[in-house]
$ cat protein.txt   # compact mmCIF, C-alpha atoms
# COMPACT_ATOMS: atom_id res chain seq x y z
CA MET A 154 -93.71 152.11 -37.30
CA ALA A 155 -90.35 150.45 -37.82
CA ARG A 156 -88.62 153.63 -36.77
CA GLY A 157 -90.54 153.64 -33.53
CA PHE A 158 -89.67 150.00 -32.88
CA PHE A 159 -85.94 150.58 -33.25
CA ALA A 160 -86.10 153.71 -31.13
CA LYS A 161 -87.83 151.77 -28.38
CA PHE A 162 -85.26 148.93 -28.70
CA LEU A 163 -82.31 151.28 -28.42
CA ALA A 164 -83.85 153.03 -25.46
CA THR A 165 -84.24 149.78 -23.54
CA ALA A 166 -80.93 148.09 -24.61
CA GLU A 167 -78.11 148.13 -22.11
CA PRO A 168 -75.03 150.01 -23.34
CA TYR A 169 -71.93 147.89 -24.10
CA VAL A 170 -69.25 148.33 -21.49
CA MET A 171 -65.65 147.54 -22.42
CA PRO A 172 -64.11 145.13 -19.93
CA PRO A 173 -61.37 146.70 -17.86
CA THR A 174 -57.75 146.21 -18.90
CA TRP A 175 -55.31 145.07 -16.27
CA GLN A 176 -51.57 145.18 -16.58
CA GLY A 177 -48.41 143.98 -14.92
CA ARG A 178 -44.69 143.73 -15.63
CA ILE A 179 -42.31 140.99 -16.63
CA GLU A 180 -38.86 142.19 -15.59
CA ASN A 181 -35.56 140.71 -16.75
CA VAL A 182 -36.61 137.11 -17.13
CA PRO A 183 -33.80 134.97 -18.62
CA VAL A 184 -34.80 133.19 -21.84
CA ARG A 185 -32.53 130.73 -23.58
CA SER A 186 -30.86 131.78 -26.84
CA ALA A 187 -29.56 129.65 -29.70
CA THR A 188 -26.02 130.30 -28.44
CA GLN A 189 -25.15 127.49 -26.08
CA ASP A 190 -24.83 128.51 -22.41
CA TYR A 191 -26.07 132.08 -23.02
CA HIS A 192 -29.47 133.74 -22.59
CA PHE A 193 -31.38 136.95 -23.27
CA TRP A 194 -33.06 139.09 -20.62
CA PHE A 195 -36.71 139.74 -21.47
CA SER A 196 -38.98 142.49 -20.13
CA CYS A 197 -42.40 143.82 -21.15
CA THR A 198 -45.70 145.20 -19.93
CA VAL A 199 -48.40 142.51 -19.95
CA LEU A 200 -52.00 143.59 -20.53
CA HIS A 201 -55.06 141.39 -20.18
CA GLN A 202 -58.83 141.55 -20.24
CA LEU A 203 -61.49 139.11 -19.12
CA THR A 204 -63.55 138.21 -22.17
CA HIS A 205 -66.50 137.15 -20.01
CA PRO A 206 -66.50 139.41 -16.95
CA GLY A 207 -69.57 137.77 -15.50
CA ALA A 208 -68.10 134.28 -15.60
CA GLN A 209 -66.12 132.72 -12.80
CA ALA A 210 -62.73 134.42 -12.89
CA HIS A 211 -59.35 132.71 -12.74
CA PRO A 212 -57.77 133.16 -9.31
CA ALA A 213 -54.55 134.60 -10.80
CA PRO A 214 -55.31 136.10 -14.22
CA LEU A 215 -52.17 138.25 -14.34
CA GLU A 216 -49.90 135.26 -13.71
CA ALA A 217 -51.78 133.32 -16.37
CA ALA A 218 -51.27 136.22 -18.78
CA LYS A 219 -47.54 136.39 -18.00
CA HIS A 220 -47.22 132.66 -18.50
CA GLY A 221 -48.92 132.94 -21.89
CA ILE A 222 -46.56 135.71 -22.99
CA LEU A 223 -43.44 133.80 -21.92
CA ARG A 224 -44.72 130.68 -23.65
CA GLN A 225 -44.71 132.66 -26.90
CA VAL A 226 -41.32 134.24 -26.26
CA MET A 227 -39.25 131.17 -25.42
CA PRO A 228 -39.35 129.20 -28.70
CA VAL A 229 -38.72 132.36 -30.71
CA ALA A 230 -35.72 133.38 -28.60
CA ALA A 231 -34.31 129.84 -28.64
CA ALA A 232 -33.87 130.09 -32.42
CA VAL A 233 -31.87 133.35 -32.30
CA GLU A 234 -28.14 133.69 -31.61
CA LEU A 235 -27.12 135.96 -28.76
CA THR A 236 -25.81 138.54 -31.24
CA GLY A 237 -29.31 138.95 -32.71
CA GLY A 238 -30.92 140.64 -29.72
CA ALA A 239 -32.07 143.77 -31.59
CA ALA A 240 -33.80 141.77 -34.31
CA LEU A 241 -35.39 139.52 -31.69
CA GLN A 242 -36.78 142.52 -29.81
CA ALA A 243 -38.41 143.88 -32.98
CA GLN A 244 -39.88 140.47 -33.81
CA LEU A 245 -41.31 139.95 -30.34
CA ALA A 246 -42.72 143.48 -30.15
CA THR A 247 -44.66 142.80 -33.35
CA GLN A 248 -45.80 139.33 -32.34
CA LEU A 249 -46.80 140.12 -28.76
CA GLY A 250 -48.65 143.28 -29.75
CA VAL A 251 -51.35 141.11 -31.34
CA PRO A 252 -53.81 139.94 -28.66
CA CYS A 253 -54.16 136.23 -28.09
CA HIS A 254 -56.43 134.22 -25.82
CA GLU A 255 -55.53 132.18 -22.78
CA LEU A 256 -57.51 130.01 -20.36
CA ASN A 257 -59.71 128.57 -23.11
CA GLY A 258 -60.61 132.00 -24.38
CA GLN A 259 -61.45 133.55 -21.01
CA LEU A 260 -58.44 135.87 -21.07
CA ARG A 261 -57.34 138.26 -23.80
CA VAL A 262 -53.60 138.92 -23.52
CA TRP A 263 -51.04 141.12 -25.28
CA ALA A 264 -47.82 142.95 -24.42
CA THR A 265 -46.17 146.33 -24.96
CA ASP A 266 -42.85 147.95 -24.03
CA VAL A 267 -40.96 144.84 -25.14
CA VAL A 268 -37.25 144.93 -24.30
CA VAL A 269 -34.66 142.25 -25.05
CA SER A 270 -31.23 142.84 -23.55
CA VAL A 271 -27.94 141.00 -23.34
CA ASP A 272 -25.16 141.20 -20.78
CA ASP A 273 -22.21 143.11 -22.22
CA ALA A 274 -19.77 140.54 -20.86
CA ASP A 275 -21.71 137.70 -22.49
CA LEU A 276 -21.88 139.51 -25.81
CA GLN A 277 -18.15 140.23 -25.73
CA ALA A 278 -17.40 136.60 -24.91
CA VAL A 279 -19.54 135.40 -27.81
CA HIS A 280 -17.83 137.81 -30.22
CA GLN A 281 -14.44 136.57 -29.04
CA ARG A 282 -15.52 132.97 -29.50
CA HIS A 283 -16.72 133.70 -33.03
CA ASP A 284 -13.41 135.40 -33.82
CA LEU A 285 -11.49 132.40 -32.51
CA GLN A 286 -13.65 130.03 -34.54
CA ARG A 287 -13.01 132.04 -37.71
CA LYS A 288 -9.27 132.11 -37.02
CA LEU A 289 -9.31 128.37 -36.38
CA GLN A 290 -11.10 127.76 -39.67
CA VAL A 291 -8.54 129.89 -41.52
CA TRP A 292 -5.67 128.07 -39.79
CA GLN A 293 -7.17 124.67 -40.60
CA HIS A 294 -7.61 125.71 -44.23
CA GLU A 295 -3.99 126.88 -44.42
CA LYS A 296 -2.73 123.65 -42.85
CA GLU A 297 -4.80 121.61 -45.29
CA MET A 298 -3.33 123.57 -48.20
CA GLU A 299 0.18 122.99 -46.85
CA ARG A 300 -0.53 119.27 -46.49
CA ARG A 301 -1.81 119.02 -50.05
CA GLU A 302 1.16 120.96 -51.39
CA CYS A 303 3.55 118.64 -49.55
CA GLU A 304 1.76 115.57 -50.86
CA PHE A 305 1.82 116.96 -54.39
CA THR A 306 5.52 117.82 -54.17
CA ALA A 307 6.37 114.39 -52.79
CA GLU A 308 4.32 112.74 -55.54
CA MET A 309 6.02 114.78 -58.25
CA LEU A 310 9.46 113.94 -56.86
CA THR A 311 8.84 110.20 -57.14
CA ASP A 312 9.84 110.66 -60.79
CA PRO A 313 12.48 113.39 -61.33
CA ASN A 314 11.78 113.52 -65.06
CA ARG A 315 8.10 114.10 -64.40
CA ALA A 316 8.94 116.84 -61.90
CA VAL A 317 11.16 118.63 -64.41
CA ALA A 318 8.50 118.30 -67.12
CA TRP A 319 5.89 119.76 -64.77
CA TRP A 320 8.17 122.69 -63.92
CA LEU A 321 9.00 123.27 -67.59
CA SER A 322 5.29 123.32 -68.52
CA ARG A 323 4.92 126.32 -66.21
CA ASN A 324 8.18 127.94 -67.28
CA PRO A 325 8.41 127.17 -71.00
CA GLN A 326 11.10 129.79 -71.61
CA GLN A 327 13.50 128.26 -69.06
CA VAL A 328 14.64 125.21 -71.02
CA ALA A 329 18.31 125.59 -70.14
CA GLN A 330 17.49 125.96 -66.47
CA ALA A 331 15.24 122.89 -66.63
CA VAL A 332 18.12 120.79 -67.99
CA GLY A 333 20.28 121.91 -65.10
CA MET A 334 17.56 120.91 -62.63
CA ILE A 335 17.46 117.24 -63.60
CA GLU A 336 20.39 116.08 -61.49
CA PRO A 337 19.54 118.15 -58.37
CA ILE A 338 15.93 116.98 -58.51
CA ALA A 339 17.08 113.38 -58.86
CA ARG A 340 19.20 113.77 -55.72
CA LEU A 341 16.29 115.42 -53.92
CA SER A 342 13.98 112.58 -54.97
CA ALA A 343 16.48 110.03 -53.69
CA ALA A 344 16.72 111.89 -50.37
CA ILE A 345 12.93 111.89 -49.95
CA HIS A 346 11.98 108.50 -51.34
CA GLY A 347 15.29 106.65 -51.19
CA PRO A 348 17.34 105.58 -54.20
CA ALA A 349 15.39 104.14 -57.07
CA GLU A 350 15.36 100.38 -57.09
CA ALA A 351 17.35 98.87 -59.91
CA PRO A 352 15.24 96.72 -62.20
CA ALA A 353 15.43 93.05 -61.33
CA GLU A 354 17.91 91.18 -63.47
CA VAL A 355 16.40 88.51 -65.69
CA SER A 356 18.59 85.49 -66.34
CA ALA A 357 19.35 84.31 -69.84
CA GLU A 358 17.34 81.14 -69.18
CA ASP A 359 14.25 83.13 -68.16
CA GLN A 360 14.65 85.38 -71.18
CA LEU A 361 14.76 82.32 -73.44
CA LEU A 362 11.66 80.81 -71.84
CA ALA A 363 9.74 84.09 -72.15
CA ALA A 364 10.79 84.47 -75.78
CA ALA A 365 9.75 80.89 -76.57
CA GLU A 366 6.35 81.39 -74.96
CA GLN A 367 5.81 84.57 -76.93
CA LEU A 368 7.04 82.98 -80.17
CA PHE A 369 4.86 79.85 -79.86
CA ALA A 370 1.81 81.59 -78.36
CA GLU A 371 -0.08 81.77 -81.66
CA LEU A 372 0.47 78.11 -82.57
CA ASP A 373 -2.32 75.59 -82.12
CA GLU A 374 -2.39 72.97 -79.39
CA TRP A 375 -0.74 70.38 -81.66
CA ASN A 376 2.13 72.33 -83.16
CA ARG A 377 3.09 74.21 -80.01
CA PRO A 378 4.12 71.05 -78.08
CA LEU A 379 5.89 69.59 -81.16
CA LEU A 380 8.04 72.65 -81.74
CA GLY A 381 8.58 73.01 -78.02
CA ASP A 382 9.80 69.43 -77.83
CA GLN A 383 12.25 70.00 -80.68
CA LEU A 384 13.67 73.07 -78.97
CA ALA A 385 13.86 71.21 -75.66
CA LYS A 386 15.78 68.34 -77.27
CA THR A 387 18.27 70.81 -78.70
CA LEU A 388 18.77 72.36 -75.27
CA ALA A 389 19.23 68.95 -73.67
CA THR A 390 21.78 67.97 -76.33
CA PHE A 391 23.92 70.94 -75.31
CA GLY A 392 23.75 70.10 -71.62
CA HIS A 393 20.72 72.17 -70.54
CA ALA A 394 18.45 69.38 -69.36
CA ASP A 395 16.89 71.44 -66.57
CA LEU A 396 16.10 74.27 -68.94
CA ALA A 397 14.66 71.78 -71.41
CA ALA A 398 12.33 70.42 -68.72
CA ARG A 399 11.15 73.92 -67.82
CA LEU A 400 10.51 74.68 -71.48
CA ARG A 401 8.40 71.53 -71.87
CA ASP A 402 6.35 72.63 -68.82
CA ARG A 403 5.76 76.04 -70.34
CA LEU A 404 4.74 74.68 -73.76
CA ASP A 405 2.72 71.64 -72.61
CA ALA A 406 5.24 69.27 -74.18
CA GLN A 407 5.89 67.04 -71.17
CA GLY A 408 4.35 63.99 -72.82
CA LEU A 409 6.79 64.16 -75.73
CA ALA A 410 9.93 63.81 -73.63
CA THR A 411 11.84 60.57 -74.29

$ encode --input "protein.txt" --output "structure tokens"
Amino acid sequence: MARGFFAKFLATAEPYVMPPTWQGRIENVPVRSATQDYHFWFSCTVLHQLTHPGAQAHPAPLEAAKHGILRQVMPVAAAVELTGGAALQAQLATQLGVPCHELNGQLRVWATDVVVSVDDADLQAVHQRHDLQRKLQVWQHEKEMERRECEFTAEMLTDPNRAVAWWLSRNPQQVAQAVGMIEPIARLSAAIHGPAEAPAEVSAEDQLLAAAEQLFAELDEWNRPLLGDQLAKTLATFGHADLAARLRDRLDAQGLAT
């Protein structure tokens, strides 16, 4: 009984008819690449089917299908440098070969015969620009190394003895030669940085004051002024009243002056 029912159902059911496939071409449409001011040329065969043939059709289904394909292509191409055209073509051929739906599912769209091309002149210009950029980077690196070497040499020559010691550390067997380098390096240092400044002369009075401060530094606040006053009186006795006053200032003994 069941077998008869299914036989009757199949006999009365309408056979499924595949919707027709329509196609058109996209020819040499420029699509932006990741390389500034340069683009790819994109071509393909666009295929589309109406998913609901009985429904109200779009007035321009082929143009809608082309628009859908280009909408997929553009963001992918924009992430690829101009030199990557072959890889881009393979990627797009794979991606566009999978049907997608447009017009809210009314249109089934895919593409074949995908071709991505690049103008030879553009490709040559991009290669030349890359070569120039690499050469510029090498040149900048070399200039930076030269600058650092000059700075290091100038720094080493601020102290001739240090420069000779540095050279000797790298040539430990050349002691005699290192000794002979001291005077020439000193002259070279003077030529680069100017003659070394002579240490400022310290007067005998200032030396005495500094020595007294150092000598009395560990005394307490009572003994330091007392001893300072005694030393100041001795200085004043021998005609150094100004120096005695300065000493009292240094040792907090002003109140003991008579």

$ closest_residue --input "protein.txt" --among "A:Ala218, A:Leu289, A:Leu384, A:Val262" --to "A:Glu366" --atoms "all atoms listed in the file"
A:Leu384

$ atom_distance --input "protein.txt" --atom1 "atom CA of A:Gln202" --atom2 "atom CA of A:Leu223"
17.3 Å

$ closest_residue --input "protein.txt" --among "A:Thr247, A:Asn257, A:Ser342, A:Gln277" --to "A:Asn314" --atoms "all atoms listed in the file"
A:Ser342

$ atom_distance --input "protein.txt" --atom1 "atom CA of A:Glu358" --atom2 "atom CA of A:Leu379"
20.2 Å

$ closest_residue --input "protein.txt" --among "A:Glu304, A:Glu234, A:Asp273, A:Glu216" --to "A:Glu255" --atoms "all atoms listed in the file"
A:Glu216

$ closest_residue --input "protein.txt" --among "A:Pro183, A:Gly238, A:Pro173, A:Pro313" --to "A:Leu260" --atoms "all atoms listed in the file"
A:Pro173

$ residues_around --input "protein.txt" --residues "A:Gly250" --least-positions-apart "6" --cutoff "10 Å" --atoms "all atoms listed in the file" --output "list in words"
Val199, Leu200, Val262, Trp263, Ala264, Thr265, Asp266 and Val267 of chain A

$ atom_distance --input "protein.txt" --atom1 "atom CA of A:Asn181" --atom2 "atom CA of A:Thr198"
11.5 Å

$ residues_around --input "protein.txt" --residues "A:Gly237" --least-positions-apart "2" --cutoff "12 Å" --atoms "all atoms listed in the file" --output "MDAnalysis selection string"
chainID A and resid 186:188 192:193 229:235 239:244 269:271 276 279:280

$ write_last_selection --input "protein.txt" --atoms "C-alpha atoms" --output "mmCIF file, in the frame of the given file"
data_model
loop_
_atom_site.group_PDB
_atom_site.id
_atom_site.type_symbol
_atom_site.label_atom_id
_atom_site.label_comp_id
_atom_site.auth_asym_id
_atom_site.auth_seq_id
_atom_site.Cartn_x
_atom_site.Cartn_y
_atom_site.Cartn_z
ATOM 1 C CA SER A 186 -30.860 131.780 -26.840
ATOM 2 C CA ALA A 187 -29.560 129.650 -29.700
ATOM 3 C CA THR A 188 -26.020 130.300 -28.440
ATOM 4 C CA HIS A 192 -29.470 133.740 -22.590
ATOM 5 C CA PHE A 193 -31.380 136.950 -23.270
ATOM 6 C CA VAL A 229 -38.720 132.360 -30.710
ATOM 7 C CA ALA A 230 -35.720 133.380 -28.600
ATOM 8 C CA ALA A 231 -34.310 129.840 -28.640
ATOM 9 C CA ALA A 232 -33.870 130.090 -32.420
ATOM 10 C CA VAL A 233 -31.870 133.350 -32.300
ATOM 11 C CA GLU A 234 -28.140 133.690 -31.610
ATOM 12 C CA LEU A 235 -27.120 135.960 -28.760
ATOM 13 C CA ALA A 239 -32.070 143.770 -31.590
ATOM 14 C CA ALA A 240 -33.800 141.770 -34.310
ATOM 15 C CA LEU A 241 -35.390 139.520 -31.690
ATOM 16 C CA GLN A 242 -36.780 142.520 -29.810
ATOM 17 C CA ALA A 243 -38.410 143.880 -32.980
ATOM 18 C CA GLN A 244 -39.880 140.470 -33.810
ATOM 19 C CA VAL A 269 -34.660 142.250 -25.050
ATOM 20 C CA SER A 270 -31.230 142.840 -23.550
ATOM 21 C CA VAL A 271 -27.940 141.000 -23.340
ATOM 22 C CA LEU A 276 -21.880 139.510 -25.810
ATOM 23 C CA VAL A 279 -19.540 135.400 -27.810
ATOM 24 C CA HIS A 280 -17.830 137.810 -30.220
#

$ residues_around --input "protein.txt" --residues "A:Gln330" --least-positions-apart "4" --cutoff "10 Å" --atoms "all atoms listed in the file" --output "MDAnalysis selection string"
chainID A and resid 317 321 324 326 334:335

$ closest_residue --input "protein.txt" --among "A:Leu400, A:Ala246, A:Met309, A:Leu341" --to "A:Gln360" --atoms "only C-alpha atoms"
A:Leu400

$ residues_around --input "protein.txt" --residues "A:Thr306" --least-positions-apart "3" --cutoff "12 Å" --atoms "all atoms listed in the file" --output "PyMOL selection string"
chain A and resi 299-303+309-313+315-317+319-320+338+341-342+345-346

$ decode --input "protein.txt" --residues "stretch 213-269 of chain A" --atoms "C-alpha atoms" --output "short mmCIF file (atom, residue, chain, number, x, y, z; two decimals), in the first residue's frame"
data_model
loop_
_atom_site.label_atom_id
_atom_site.label_comp_id
_atom_site.auth_asym_id
_atom_site.auth_seq_id
_atom_site.Cartn_x
_atom_site.Cartn_y
_atom_site.Cartn_z
CA ALA A 213 19.48 44.36 -13.96
CA PRO A 214 20.57 41.09 -12.36
CA LEU A 215 23.88 40.90 -14.23
CA GLU A 216 24.93 44.36 -13.06
CA ALA A 217 23.93 43.44 -9.53
CA ALA A 218 26.04 40.28 -9.80
CA LYS A 219 29.05 42.24 -11.10
CA HIS A 220 28.67 44.75 -8.30
CA GLY A 221 28.64 41.93 -5.75
CA ILE A 222 31.82 40.41 -7.20
CA LEU A 223 33.68 43.74 -7.21
CA ARG A 224 32.56 44.42 -3.65
CA GLN A 225 34.36 41.23 -2.63
CA VAL A 226 37.45 41.98 -4.71
CA MET A 227 38.21 45.53 -3.61
CA PRO A 228 39.03 45.07 0.11
CA VAL A 229 41.14 42.00 -0.66
CA ALA A 230 43.15 43.79 -3.36
CA ALA A 231 43.59 46.89 -1.20
CA ALA A 232 45.60 44.82 1.29
CA VAL A 233 48.06 43.47 -1.30
CA GLU A 234 51.14 45.27 -2.65
CA LEU A 235 51.39 45.69 -6.40
CA THR A 236 54.16 43.09 -6.55
CA GLY A 237 51.78 40.43 -5.18
CA GLY A 238 49.51 40.17 -8.21
CA ALA A 239 49.99 36.42 -8.76
CA ALA A 240 49.13 35.56 -5.17
CA LEU A 241 46.13 37.88 -5.30
CA GLN A 242 44.82 36.18 -8.43
CA ALA A 243 45.01 32.75 -6.77
CA GLN A 244 43.28 34.05 -3.65
CA LEU A 245 40.46 35.70 -5.58
CA ALA A 246 39.95 32.68 -7.84
CA THR A 247 39.41 30.54 -4.75
CA GLN A 248 37.20 33.04 -2.97
CA LEU A 249 35.01 34.01 -5.92
CA GLY A 250 34.52 30.41 -7.02
CA VAL A 251 32.30 29.87 -3.97
CA PRO A 252 28.75 31.08 -4.72
CA CYS A 253 27.36 33.86 -2.59
CA HIS A 254 23.96 35.52 -2.51
CA GLU A 255 23.02 39.04 -3.50
CA LEU A 256 19.77 41.03 -3.47
CA ASN A 257 18.64 39.55 -0.15
CA GLY A 258 19.17 36.02 -1.38
CA GLN A 259 17.39 36.42 -4.71
CA LEU A 260 20.60 36.09 -6.72
CA ARG A 261 23.25 33.37 -6.53
CA VAL A 262 26.58 34.72 -7.79
CA TRP A 263 30.07 33.34 -8.42
CA ALA A 264 32.97 33.95 -10.80
CA THR A 265 35.42 32.00 -12.93
CA ASP A 266 38.34 32.84 -15.24
CA VAL A 267 39.74 35.27 -12.68
CA VAL A 268 42.68 37.31 -13.96
CA VAL A 269 44.66 39.94 -12.04
#
